[in-house]
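Shown next: input-v1.cif, containing mmCIF, C-alpha atoms and all ligand atoms.
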data_coords
loop_
_atom_site.label_atom_id
_atom_site.label_comp_id
_atom_site.auth_asym_id
_atom_site.auth_seq_id
_atom_site.Cartn_x
_atom_site.Cartn_y
_atom_site.Cartn_z
CA MET C 18 0.00 0.00 0.00
CA ALA C 19 1.26 3.47 -0.81
CA ASN C 20 1.33 6.88 0.79
CA ILE C 21 -0.65 8.97 -1.71
CA THR C 22 -1.48 12.68 -1.93
CA PHE C 23 -4.63 13.51 -3.92
CA ILE C 24 -5.25 17.10 -5.06
CA GLY C 25 -8.58 18.19 -6.63
CA LEU C 26 -11.64 16.71 -4.91
CA GLY C 27 -14.42 17.69 -7.32
CA ASN C 28 -17.09 15.53 -8.95
CA MET C 29 -14.44 13.06 -10.10
CA GLY C 30 -11.58 13.48 -7.63
CA ALA C 31 -13.63 12.99 -4.45
CA PRO C 32 -14.91 9.49 -5.29
CA MET C 33 -11.50 8.54 -6.77
CA ALA C 34 -9.73 9.50 -3.52
CA ALA C 35 -12.40 7.66 -1.53
CA ASN C 36 -11.71 4.50 -3.55
CA LEU C 37 -7.98 4.77 -2.80
CA LEU C 38 -8.85 4.86 0.91
CA LYS C 39 -11.08 1.80 0.47
CA ALA C 40 -8.20 0.04 -1.31
CA GLY C 41 -6.12 0.50 1.87
CA HIS C 42 -3.78 3.34 0.85
CA GLU C 43 -2.75 6.15 3.20
CA VAL C 44 -4.32 9.20 1.51
CA THR C 45 -3.66 12.89 2.21
CA VAL C 46 -5.97 15.27 0.36
CA PHE C 47 -6.07 18.93 -0.61
CA ASP C 48 -8.60 21.13 -2.43
CA LEU C 49 -9.35 24.85 -2.44
CA SER C 50 -12.84 23.91 -1.23
CA GLU C 51 -12.86 23.24 2.52
CA SER C 52 -16.11 21.29 2.37
CA ALA C 53 -14.63 18.95 -0.25
CA VAL C 54 -11.64 18.30 2.04
CA GLU C 55 -13.85 17.77 5.12
CA ALA C 56 -15.91 15.12 3.30
CA LEU C 57 -12.76 13.08 2.56
CA VAL C 58 -11.35 13.57 6.07
CA ALA C 59 -14.63 12.12 7.37
CA GLU C 60 -13.86 9.03 5.28
CA GLY C 61 -10.39 8.62 6.80
CA ALA C 62 -8.10 10.89 4.75
CA ARG C 63 -5.51 13.25 6.23
CA THR C 64 -5.11 16.83 5.05
CA ALA C 65 -2.75 19.84 5.26
CA ASP C 66 -2.82 23.60 4.78
CA SER C 67 -1.63 23.61 1.18
CA GLY C 68 -1.03 21.27 -1.74
CA LYS C 69 2.69 21.50 -1.08
CA ALA C 70 2.29 20.58 2.61
CA ALA C 71 -0.10 17.75 1.70
CA ALA C 72 2.51 16.30 -0.64
CA GLU C 73 5.30 16.11 1.97
CA GLY C 74 6.40 12.50 2.38
CA ALA C 75 4.17 11.21 -0.44
CA GLU C 76 5.35 8.32 -2.61
CA CYS C 77 2.75 9.27 -5.21
CA VAL C 78 0.90 12.50 -6.03
CA ILE C 79 -2.34 12.45 -8.06
CA THR C 80 -4.09 15.54 -9.41
CA MET C 81 -7.65 15.79 -10.79
CA LEU C 82 -8.11 19.44 -11.72
CA PRO C 83 -10.48 21.27 -14.09
CA ALA C 84 -8.13 22.54 -16.82
CA GLY C 85 -4.53 23.14 -17.92
CA LYS C 86 -4.14 26.45 -16.08
CA HIS C 87 -4.93 24.72 -12.76
CA VAL C 88 -2.45 21.92 -13.50
CA GLU C 89 0.25 24.50 -14.34
CA ALA C 90 -0.49 26.42 -11.13
CA VAL C 91 -0.25 23.30 -8.96
CA TYR C 92 2.95 21.92 -10.55
CA LEU C 93 4.86 24.77 -12.20
CA SER C 94 4.25 27.93 -10.16
CA ASP C 95 6.99 29.32 -7.90
CA ASP C 96 5.36 27.52 -5.00
CA GLY C 97 4.44 24.52 -7.19
CA LEU C 98 4.94 20.85 -6.41
CA LEU C 99 7.72 20.12 -8.91
CA ALA C 100 10.04 22.42 -6.97
CA SER C 101 9.46 20.61 -3.67
CA LEU C 102 8.87 16.91 -4.39
CA PRO C 103 11.87 14.63 -3.83
CA ALA C 104 13.37 12.85 -6.85
CA GLY C 105 11.74 9.50 -7.55
CA THR C 106 8.22 10.56 -6.55
CA LEU C 107 5.53 9.17 -8.86
CA VAL C 108 3.32 11.97 -10.23
CA ILE C 109 0.01 11.20 -11.98
CA ASP C 110 -2.17 13.88 -13.55
CA SER C 111 -5.67 12.62 -14.40
CA SER C 112 -7.12 15.98 -15.49
CA THR C 113 -8.17 16.33 -19.14
CA ILE C 114 -5.84 19.01 -20.54
CA ALA C 115 -3.95 19.85 -23.74
CA PRO C 116 -1.27 17.25 -24.65
CA GLU C 117 1.36 20.00 -24.94
CA THR C 118 0.66 21.16 -21.36
CA SER C 119 1.10 17.57 -20.17
CA ARG C 120 4.36 17.25 -22.14
CA ASN C 121 5.64 20.49 -20.64
CA VAL C 122 4.91 19.30 -17.07
CA ALA C 123 6.49 15.91 -17.91
CA GLU C 124 9.67 17.58 -19.23
CA GLN C 125 10.03 19.79 -16.18
CA ALA C 126 9.30 16.83 -13.88
CA ALA C 127 12.03 14.81 -15.61
CA VAL C 128 14.57 17.61 -15.02
CA ARG C 129 13.90 17.16 -11.28
CA GLY C 130 14.06 13.36 -11.42
CA LEU C 131 10.31 12.89 -10.97
CA ALA C 132 8.36 10.14 -12.76
CA PHE C 133 5.32 11.74 -14.42
CA ILE C 134 2.45 10.28 -16.44
CA ASP C 135 -0.67 11.83 -17.91
CA ALA C 136 -3.62 9.58 -17.04
CA PRO C 137 -6.93 11.17 -18.07
CA VAL C 138 -10.03 9.07 -17.47
CA SER C 139 -13.21 7.99 -19.17
CA GLY C 140 -16.28 6.67 -17.38
CA GLY C 141 -17.73 9.78 -15.76
CA VAL C 142 -18.87 10.33 -12.19
CA GLY C 143 -20.63 6.93 -12.18
CA GLY C 144 -17.38 5.19 -13.10
CA ALA C 145 -15.44 7.23 -10.53
CA LYS C 146 -17.85 6.19 -7.78
CA ALA C 147 -17.93 2.54 -8.84
CA GLY C 148 -14.15 2.35 -9.27
CA THR C 149 -14.56 1.27 -12.89
CA LEU C 150 -12.88 4.19 -14.69
CA THR C 151 -10.83 3.72 -17.83
CA PHE C 152 -7.36 5.29 -17.44
CA ILE C 153 -5.65 6.35 -20.68
CA CYS C 154 -1.98 6.90 -19.88
CA GLY C 155 0.94 8.61 -21.58
CA GLY C 156 4.55 8.33 -20.43
CA GLU C 157 7.42 5.92 -20.08
CA ALA C 158 6.58 2.21 -19.78
CA ASP C 159 8.28 1.72 -16.40
CA THR C 160 6.46 4.73 -14.90
CA PHE C 161 3.20 3.34 -16.29
CA GLU C 162 3.89 -0.03 -14.62
CA LYS C 163 4.63 1.73 -11.31
CA ALA C 164 1.33 3.61 -11.57
CA ARG C 165 -0.78 0.62 -12.63
CA PRO C 166 -1.43 -0.91 -9.15
CA ILE C 167 -2.52 2.49 -7.82
CA LEU C 168 -4.77 3.18 -10.81
CA GLU C 169 -6.34 -0.27 -10.37
CA GLY C 170 -7.73 0.99 -7.06
CA MET C 171 -9.86 3.48 -9.03
CA GLY C 172 -10.41 1.88 -12.42
CA LYS C 173 -11.04 -1.27 -14.42
CA ASN C 174 -9.32 -0.69 -17.78
CA ILE C 175 -5.81 0.74 -17.65
CA PHE C 176 -4.30 1.59 -21.06
CA HIS C 177 -0.82 2.76 -22.03
CA ALA C 178 -1.47 4.93 -25.12
CA GLY C 179 2.18 5.89 -25.79
CA PRO C 180 4.71 8.57 -24.73
CA HIS C 181 4.00 11.71 -22.68
CA GLY C 182 0.84 13.46 -23.90
CA ALA C 183 -0.49 10.34 -25.69
CA GLY C 184 -3.05 9.74 -22.94
CA GLN C 185 -4.42 13.23 -23.50
CA VAL C 186 -4.50 12.79 -27.28
CA ALA C 187 -6.45 9.50 -27.00
CA LYS C 188 -8.84 11.03 -24.47
CA ILE C 189 -9.50 14.06 -26.72
CA CYS C 190 -10.17 11.76 -29.72
CA ASN C 191 -12.60 9.69 -27.64
CA ASN C 192 -14.53 12.70 -26.37
CA MET C 193 -14.72 14.27 -29.82
CA LEU C 194 -16.27 11.03 -31.13
CA LEU C 195 -18.63 10.88 -28.14
CA ALA C 196 -19.82 14.46 -28.81
CA ILE C 197 -20.45 13.63 -32.48
CA LEU C 198 -22.35 10.46 -31.54
CA MET C 199 -24.50 12.26 -28.95
CA ALA C 200 -25.36 15.12 -31.33
CA GLY C 201 -26.08 12.67 -34.18
CA THR C 202 -28.23 10.45 -31.99
CA SER C 203 -30.21 13.49 -30.79
CA GLU C 204 -30.70 14.64 -34.39
CA ALA C 205 -31.97 11.24 -35.55
CA LEU C 206 -34.37 10.88 -32.61
CA ALA C 207 -35.73 14.40 -33.17
CA LEU C 208 -36.27 13.72 -36.89
CA GLY C 209 -38.18 10.52 -36.09
CA ALA C 210 -40.28 12.25 -33.44
CA SER C 211 -41.12 15.08 -35.86
CA ASN C 212 -42.65 12.34 -38.04
CA GLY C 213 -44.74 11.09 -35.13
CA LEU C 214 -42.53 8.11 -34.20
CA ASP C 215 -42.23 7.10 -30.56
CA PRO C 216 -38.59 7.91 -29.55
CA ALA C 217 -38.45 4.75 -27.40
CA VAL C 218 -39.50 2.55 -30.34
CA LEU C 219 -37.14 4.35 -32.73
CA SER C 220 -34.29 3.97 -30.20
CA GLU C 221 -34.88 0.21 -29.99
CA ILE C 222 -34.95 -0.10 -33.80
CA MET C 223 -31.70 1.87 -34.24
CA LYS C 224 -30.01 -0.02 -31.38
CA GLN C 225 -30.61 -3.26 -33.28
CA SER C 226 -29.65 -1.69 -36.63
CA SER C 227 -26.51 -0.16 -38.09
CA GLY C 228 -27.04 3.17 -36.26
CA GLY C 229 -26.51 1.55 -32.85
CA ASN C 230 -23.93 3.34 -30.68
CA TRP C 231 -22.97 4.05 -27.05
CA ALA C 232 -25.34 7.03 -26.70
CA LEU C 233 -28.30 4.89 -27.78
CA ASN C 234 -27.21 1.82 -25.84
CA VAL C 235 -26.44 3.29 -22.43
CA TYR C 236 -27.03 7.09 -22.38
CA ASN C 237 -30.20 7.83 -24.35
CA PRO C 238 -30.65 11.64 -24.59
CA TRP C 239 -34.47 11.55 -24.93
CA PRO C 240 -36.20 12.10 -21.54
CA GLY C 241 -38.00 9.02 -20.27
CA VAL C 242 -36.65 6.50 -22.79
CA MET C 243 -34.03 5.06 -20.42
CA GLU C 244 -34.07 4.88 -16.62
CA GLY C 245 -31.16 6.15 -14.53
CA VAL C 246 -29.56 8.41 -17.17
CA PRO C 247 -29.29 12.23 -16.90
CA ALA C 248 -31.98 12.72 -19.61
CA SER C 249 -34.49 11.16 -17.23
CA ARG C 250 -33.60 13.49 -14.34
CA ASP C 251 -33.75 16.80 -16.19
CA TYR C 252 -30.10 16.42 -17.32
CA GLN C 253 -28.75 16.84 -13.77
CA GLY C 254 -25.41 15.23 -12.82
CA GLY C 255 -23.25 13.37 -15.34
CA PHE C 256 -20.77 15.10 -17.66
CA LEU C 257 -21.31 18.84 -17.98
CA VAL C 258 -21.84 20.65 -21.31
CA ASN C 259 -19.11 23.11 -20.21
CA LEU C 260 -16.58 20.27 -19.81
CA MET C 261 -17.52 18.74 -23.17
CA ALA C 262 -17.16 22.17 -24.80
CA LYS C 263 -13.70 22.47 -23.17
CA ASP C 264 -12.66 19.04 -24.53
CA LEU C 265 -13.91 19.91 -28.03
CA GLY C 266 -11.84 23.10 -27.80
CA LEU C 267 -8.80 20.96 -26.99
CA ALA C 268 -9.56 18.76 -30.03
CA PHE C 269 -9.91 21.84 -32.25
CA ASP C 270 -6.65 23.42 -31.04
CA ASN C 271 -4.86 20.12 -31.46
CA ALA C 272 -6.19 19.72 -35.01
CA VAL C 273 -4.98 23.23 -35.92
CA THR C 274 -1.53 22.48 -34.50
CA ASN C 275 -1.31 19.19 -36.39
CA GLN C 276 -2.98 20.45 -39.58
CA ALA C 277 -5.58 17.68 -39.21
CA SER C 278 -9.13 18.09 -40.54
CA ILE C 279 -11.95 17.60 -38.05
CA PRO C 280 -15.08 18.89 -39.84
CA MET C 281 -17.46 16.77 -37.72
CA GLY C 282 -15.61 17.61 -34.51
CA SER C 283 -15.65 21.31 -35.38
CA LEU C 284 -19.39 21.18 -35.97
CA ALA C 285 -19.89 19.34 -32.68
CA ARG C 286 -17.77 22.00 -30.98
CA ASN C 287 -19.99 24.76 -32.37
CA LEU C 288 -23.15 22.92 -31.30
CA PHE C 289 -21.95 22.42 -27.72
CA GLN C 290 -20.62 26.02 -27.50
CA LEU C 291 -23.97 27.32 -28.76
CA HIS C 292 -25.81 25.13 -26.24
CA ALA C 293 -23.53 26.31 -23.40
CA GLY C 294 -24.01 29.92 -24.53
CA GLN C 295 -27.77 29.48 -24.26
CA GLY C 296 -27.35 28.86 -20.53
CA HIS C 297 -27.06 25.05 -20.47
CA GLY C 298 -23.40 24.75 -19.49
CA GLU C 299 -24.15 23.12 -16.14
CA LEU C 300 -26.44 20.43 -17.61
CA ASP C 301 -25.32 16.98 -18.68
CA PHE C 302 -24.00 16.89 -22.27
CA SER C 303 -26.89 14.68 -23.49
CA SER C 304 -29.06 17.82 -23.12
CA ILE C 305 -27.71 18.73 -26.59
CA LEU C 306 -31.04 17.15 -27.62
CA ARG C 307 -32.67 20.44 -26.60
CA LEU C 308 -31.07 22.13 -29.60
CA TYR C 309 -33.16 19.83 -31.81
CA LYS C 310 -36.26 19.59 -29.62
CA PRO C 311 -36.78 22.90 -27.79
CA GLU C 312 -39.14 22.49 -24.81
P1 LIG F 1 -14.68 19.75 -10.77
O1 LIG F 1 -14.74 21.16 -11.21
O2 LIG F 1 -15.90 19.13 -10.15
O3 LIG F 1 -13.48 19.59 -9.67
C1 LIG F 1 -12.24 20.18 -9.75
C2 LIG F 1 -11.73 20.44 -8.32
O4 LIG F 1 -10.41 20.99 -8.39
C3 LIG F 1 -12.58 21.43 -7.52
O5 LIG F 1 -12.97 20.83 -6.30
C4 LIG F 1 -11.64 22.61 -7.31
O6 LIG F 1 -11.85 23.28 -6.06
C5 LIG F 1 -10.29 21.94 -7.34
N1 LIG F 1 -9.17 22.84 -7.63
C6 LIG F 1 -9.05 23.74 -8.63
N2 LIG F 1 -7.84 24.37 -8.54
C7 LIG F 1 -7.20 23.83 -7.48
C8 LIG F 1 -5.93 24.07 -6.87
N3 LIG F 1 -5.09 24.97 -7.35
N4 LIG F 1 -5.60 23.32 -5.78
C9 LIG F 1 -6.46 22.42 -5.27
N5 LIG F 1 -7.68 22.15 -5.80
C10 LIG F 1 -8.04 22.86 -6.88
O7 LIG F 1 -14.17 18.92 -12.02
P2 LIG F 1 -14.38 17.34 -12.30
O8 LIG F 1 -15.73 17.11 -12.92
O9 LIG F 1 -13.98 16.59 -11.08
O10 LIG F 1 -13.31 17.13 -13.47
C11 LIG F 1 -11.91 17.12 -13.22
C12 LIG F 1 -11.21 16.78 -14.53
O11 LIG F 1 -11.64 15.48 -15.00
C13 LIG F 1 -11.48 17.76 -15.68
O12 LIG F 1 -10.31 17.96 -16.41
C14 LIG F 1 -12.55 17.04 -16.50
O13 LIG F 1 -12.52 17.44 -17.87
C15 LIG F 1 -12.14 15.59 -16.33
N6 LIG F 1 -13.23 14.61 -16.49
C16 LIG F 1 -14.46 14.86 -15.93
C17 LIG F 1 -15.47 13.91 -16.09
C18 LIG F 1 -16.85 14.13 -15.49
O14 LIG F 1 -17.76 13.35 -15.83
N7 LIG F 1 -17.05 15.13 -14.64
C19 LIG F 1 -15.23 12.72 -16.80
C20 LIG F 1 -13.95 12.49 -17.31
C21 LIG F 1 -12.96 13.45 -17.14
#

Kindly return the structure encoded in the file as structure tokens.
Ligand code: NAD
Amino acid sequence: MANITFIGLGNMGAPMAANLLKAGHEVTVFDLSESAVEALVAEGARTADSGKAAAEGAECVITMLPAGKHVEAVYLSDDGLLASLPAGTLVIDSSTIAPETSRNVAEQAAVRGLAFIDAPVSGGVGGAKAGTLTFICGGEADTFEKARPILEGMGKNIFHAGPHGAGQVAKICNNMLLAILMAGTSEALALGASNGLDPAVLSEIMKQSSGGNWALNVYNPWPGVMEGVPASRDYQGGFLVNLMAKDLGLAFDNAVTNQASIPMGSLARNLFQLHAGQGHGELDFSSILRLYKPE
């Protein structure tokens, strides 16, 4: 069992840290939100006054932060962790951020003798709570193997995508495809409904036909068609439109840098930005259906 410091106890980080405690690790936590810290302390975690203090004596540091600027602040600022962690510490960043930001942190970590991997996740809040996340890692193979037993305390599928930044690239590709599938599924259901078809019947037909996909199978965007999904609780909880819009922005920026064409991804980005701009940023991303079926 390891001595782990976990920084960033939001929708994802809190249940991930709780699962590390359940797996028997010694966990010290830190977040800017006191209530988030208190909830983990109540479950058996230790805490400290700052991220830097929380990381003292840690064999492994894990971060789960909103975006690249938060990751840079925690690791690279004058008071950041890279300056204070002893050589040999394992550092895992599970935030979804730009691959080049991850590579930059990895390079600066290497200069200080720290073993860094990017390890963004798929599986959402449900997967974080159930300990069934998919981890998509980028970094050196031996660092990945060191991280694997710790990641297994929080996830089910642990992939090594390639060198530093590769985890972020794979994660961005996955979320771009997911956004396209969710928008396309919403569009098809709305077209059928405009013809008088029952969305539940149409969903079942498409699930058994060549249009079947993850959104139809497990995350139907039409309210009432599927129990237990955000669409059936007014799009509360789940994966926020704002976060999907952020990830599509990462895909777009990456495509520009690499001179890759992403016409479908760009369209999906515009749809989710439009939806967020209409005041739906805090709803689950399957609420994109509302663009096609205003209430
Ligand atoms: P969140 O906004 O709920 O939580 C982020 C936490 O980080 C907050 O508690 C915030 O107080 C804390 N924080 C920010 N700056 C900090 C700092 N300097 N020091 C300490 N704590 C700090 O976000 P989330 O939904 O948990 O997502 C985290 C990351 O995981 C994001 O990059 C997101 O894109 C990715 N992700 C989210 C989901 C999801 O379904 N929510 C799924 C997969 C991946």

Show me, as JSON, the centre and edge lengths in Å to one decimal of the axis-aligned box that covers every listed atom of ligand LIG 1 (chain F) with 4 Å on each side.
{"center_x": -11.4, "center_y": 18.7, "center_z": -11.6, "size_x": 20.7, "size_y": 20.5, "size_z": 20.6}

Contacts to ligand LIG 1 (chain F) at 7 Å cut-off (only C-alpha atoms and all ligand atoms) as a JSON list (two decimals) with C-alpha atoms, keeping the file's coordinate frame:
[["chain", "number", "residue", "atom", "x", "y", "z"],
["C", 24, "ILE", "CA", -5.25, 17.10, -5.06],
["C", 25, "GLY", "CA", -8.58, 18.19, -6.63],
["C", 26, "LEU", "CA", -11.64, 16.71, -4.91],
["C", 27, "GLY", "CA", -14.42, 17.69, -7.32],
["C", 28, "ASN", "CA", -17.09, 15.53, -8.95],
["C", 29, "MET", "CA", -14.44, 13.06, -10.10],
["C", 30, "GLY", "CA", -11.58, 13.48, -7.63],
["C", 47, "PHE", "CA", -6.07, 18.93, -0.61],
["C", 48, "ASP", "CA", -8.60, 21.13, -2.43],
["C", 49, "LEU", "CA", -9.35, 24.85, -2.44],
["C", 50, "SER", "CA", -12.84, 23.91, -1.23],
["C", 53, "ALA", "CA", -14.63, 18.95, -0.25],
["C", 68, "GLY", "CA", -1.03, 21.27, -1.74],
["C", 81, "MET", "CA", -7.65, 15.79, -10.79],
["C", 82, "LEU", "CA", -8.11, 19.44, -11.72],
["C", 83, "PRO", "CA", -10.48, 21.27, -14.09],
["C", 84, "ALA", "CA", -8.13, 22.54, -16.82],
["C", 87, "HIS", "CA", -4.93, 24.72, -12.76],
["C", 90, "ALA", "CA", -0.49, 26.42, -11.13],
["C", 91, "VAL", "CA", -0.25, 23.30, -8.96],
["C", 111, "SER", "CA", -5.67, 12.62, -14.40],
["C", 112, "SER", "CA", -7.12, 15.98, -15.49],
["C", 113, "THR", "CA", -8.17, 16.33, -19.14],
["C", 114, "ILE", "CA", -5.84, 19.01, -20.54],
["C", 137, "PRO", "CA", -6.93, 11.17, -18.07],
["C", 138, "VAL", "CA", -10.03, 9.07, -17.47],
["C", 139, "SER", "CA", -13.21, 7.99, -19.17],
["C", 140, "GLY", "CA", -16.28, 6.67, -17.38],
["C", 141, "GLY", "CA", -17.73, 9.78, -15.76],
["C", 142, "VAL", "CA", -18.87, 10.33, -12.19],
["C", 255, "GLY", "CA", -23.25, 13.37, -15.34],
["C", 256, "PHE", "CA", -20.77, 15.10, -17.66],
["C", 257, "LEU", "CA", -21.31, 18.84, -17.98],
["C", 260, "LEU", "CA", -16.58, 20.27, -19.81],
["C", 264, "ASP", "CA", -12.66, 19.04, -24.53]]

Between atom CA of Val218 of chain C and atom CA of Glu204 of chain C, what distance in Å does the model show, to one decimal?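 One can read the atom CA of Val218 of chain C to atom CA of Glu204 of chain C distance as 15.5 Å.
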
Go through segment 62-130 of chain C residue by residue and, counting only C-alpha atoms, keep those with an atom at most 10 Å from segment 144-156 of chain C; for each kept residue give the shortest atom pair and its distance in Å to one decimal, ordered by chain and increasing number, as a tab-separated table.
residue	atom	partner	partner_atom	distance
C:Ile109	CA	C:Cys154	CA	9.2
C:Asp110	CA	C:Cys154	CA	9.4
C:Ser111	CA	C:Phe152	CA	8.1
C:Pro116	CA	C:Gly155	CA	9.4
C:Ser119	CA	C:Gly155	CA	9.1
C:Arg120	CA	C:Gly156	CA	9.1
C:Ala123	CA	C:Gly156	CA	8.2

Shell around Met18 of chain C at 9 Å using all atoms listed in the file, local window under 2 positions removed, as a ChimeraX atom specification: /C:20,40-43,167

Shortest contact to Ala19 of chain C, candidates C:Lys163, C:Gly130, C:Leu93, C:Leu98, atoms counted only C-alpha atoms, goes to C:Lys163

- Message: I'd like the neighbourhood of segment 234-243 of chain C as a list in words, where a residue qualifies if any of its atoms comes within 6 Å (using only C-alpha atoms), though same-chain residues fewer than 6 positions away should be ignored.
- Response: Ala217, Ser249 and Ser303 of chain C

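Residue nearest Ala207 of chain C within the list C:Ile279, C:Leu308, C:Ala178, C:Ala65: C:Leu308 [criterion: smallest interatomic distance, all atoms listed in the file].
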
Across C:Gln290, C:Ser67, C:Ser94, C:Ser101, the smallest distance to Ala196 of chain C, with all atoms listed in the file counted, is shown by C:Gln290

Phe161 of chain C proximity check over C:Gly254, C:Pro180, C:Gly85, C:Gly228, using all atoms listed in the file: winner is C:Pro180

Counting all atoms listed in the file, what is within 10 Å of Ala71 of chain C, bar same-chain residues fewer than 4 positions away, as a CSV table (one decimal) with C-alpha atoms, in the coordinates of the input?
chain,number,residue,atom,x,y,z
C,21,ILE,CA,-0.6,9.0,-1.7
C,22,THR,CA,-1.5,12.7,-1.9
C,23,PHE,CA,-4.6,13.5,-3.9
C,24,ILE,CA,-5.2,17.1,-5.1
C,44,VAL,CA,-4.3,9.2,1.5
C,45,THR,CA,-3.7,12.9,2.2
C,46,VAL,CA,-6.0,15.3,0.4
C,47,PHE,CA,-6.1,18.9,-0.6
C,63,ARG,CA,-5.5,13.2,6.2
C,64,THR,CA,-5.1,16.8,5.0
C,65,ALA,CA,-2.8,19.8,5.3
C,66,ASP,CA,-2.8,23.6,4.8
C,67,SER,CA,-1.6,23.6,1.2
C,75,ALA,CA,4.2,11.2,-0.4
C,78,VAL,CA,0.9,12.5,-6.0

Rank nothing, just name the residue among C:Ala200, C:Ala70, C:Leu208, C:Ala31 nearest to Asp96 of chain C, using all atoms listed in the file.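 Using all atoms listed in the file, Asp96 of chain C sits closest to C:Ala70.
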
*Nearest to Asp270 of chain C by atom-to-atom distance, counting all atoms listed in the file, from C:Ala205, C:Leu168, C:Ile189, C:Ala127*: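 With all atoms listed in the file as the atom set, the closest residue is C:Ile189.
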
What separates atom CA of Glu76 of chain C and atom CA of Ala59 of chain C is a distance of 22.7 Å

Expressed in Å, the length from atom CA of Asp159 of chain C to atom CA of Gly74 of chain C is 21.7 Å

Within 12 Å of Ala272 of chain C, counting all atoms listed in the file, which residues qualify if same-chain residues fewer than 4 places away don't, as a compact mmCIF listing (two decimals) with C-alpha atoms, in the frame of the given file?
# COMPACT_ATOMS: atom_id res chain seq x y z
CA ALA C 115 -3.95 19.85 -23.74
CA PRO C 116 -1.27 17.25 -24.65
CA VAL C 186 -4.50 12.79 -27.28
CA ILE C 189 -9.50 14.06 -26.72
CA CYS C 190 -10.17 11.76 -29.72
CA MET C 193 -14.72 14.27 -29.82
CA LEU C 265 -13.91 19.91 -28.03
CA GLY C 266 -11.84 23.10 -27.80
CA LEU C 267 -8.80 20.96 -26.99
CA ALA C 268 -9.56 18.76 -30.03
CA GLN C 276 -2.98 20.45 -39.58
CA ALA C 277 -5.58 17.68 -39.21
CA SER C 278 -9.13 18.09 -40.54
CA ILE C 279 -11.95 17.60 -38.05
CA PRO C 280 -15.08 18.89 -39.84
CA MET C 281 -17.46 16.77 -37.72
CA GLY C 282 -15.61 17.61 -34.51
CA SER C 283 -15.65 21.31 -35.38
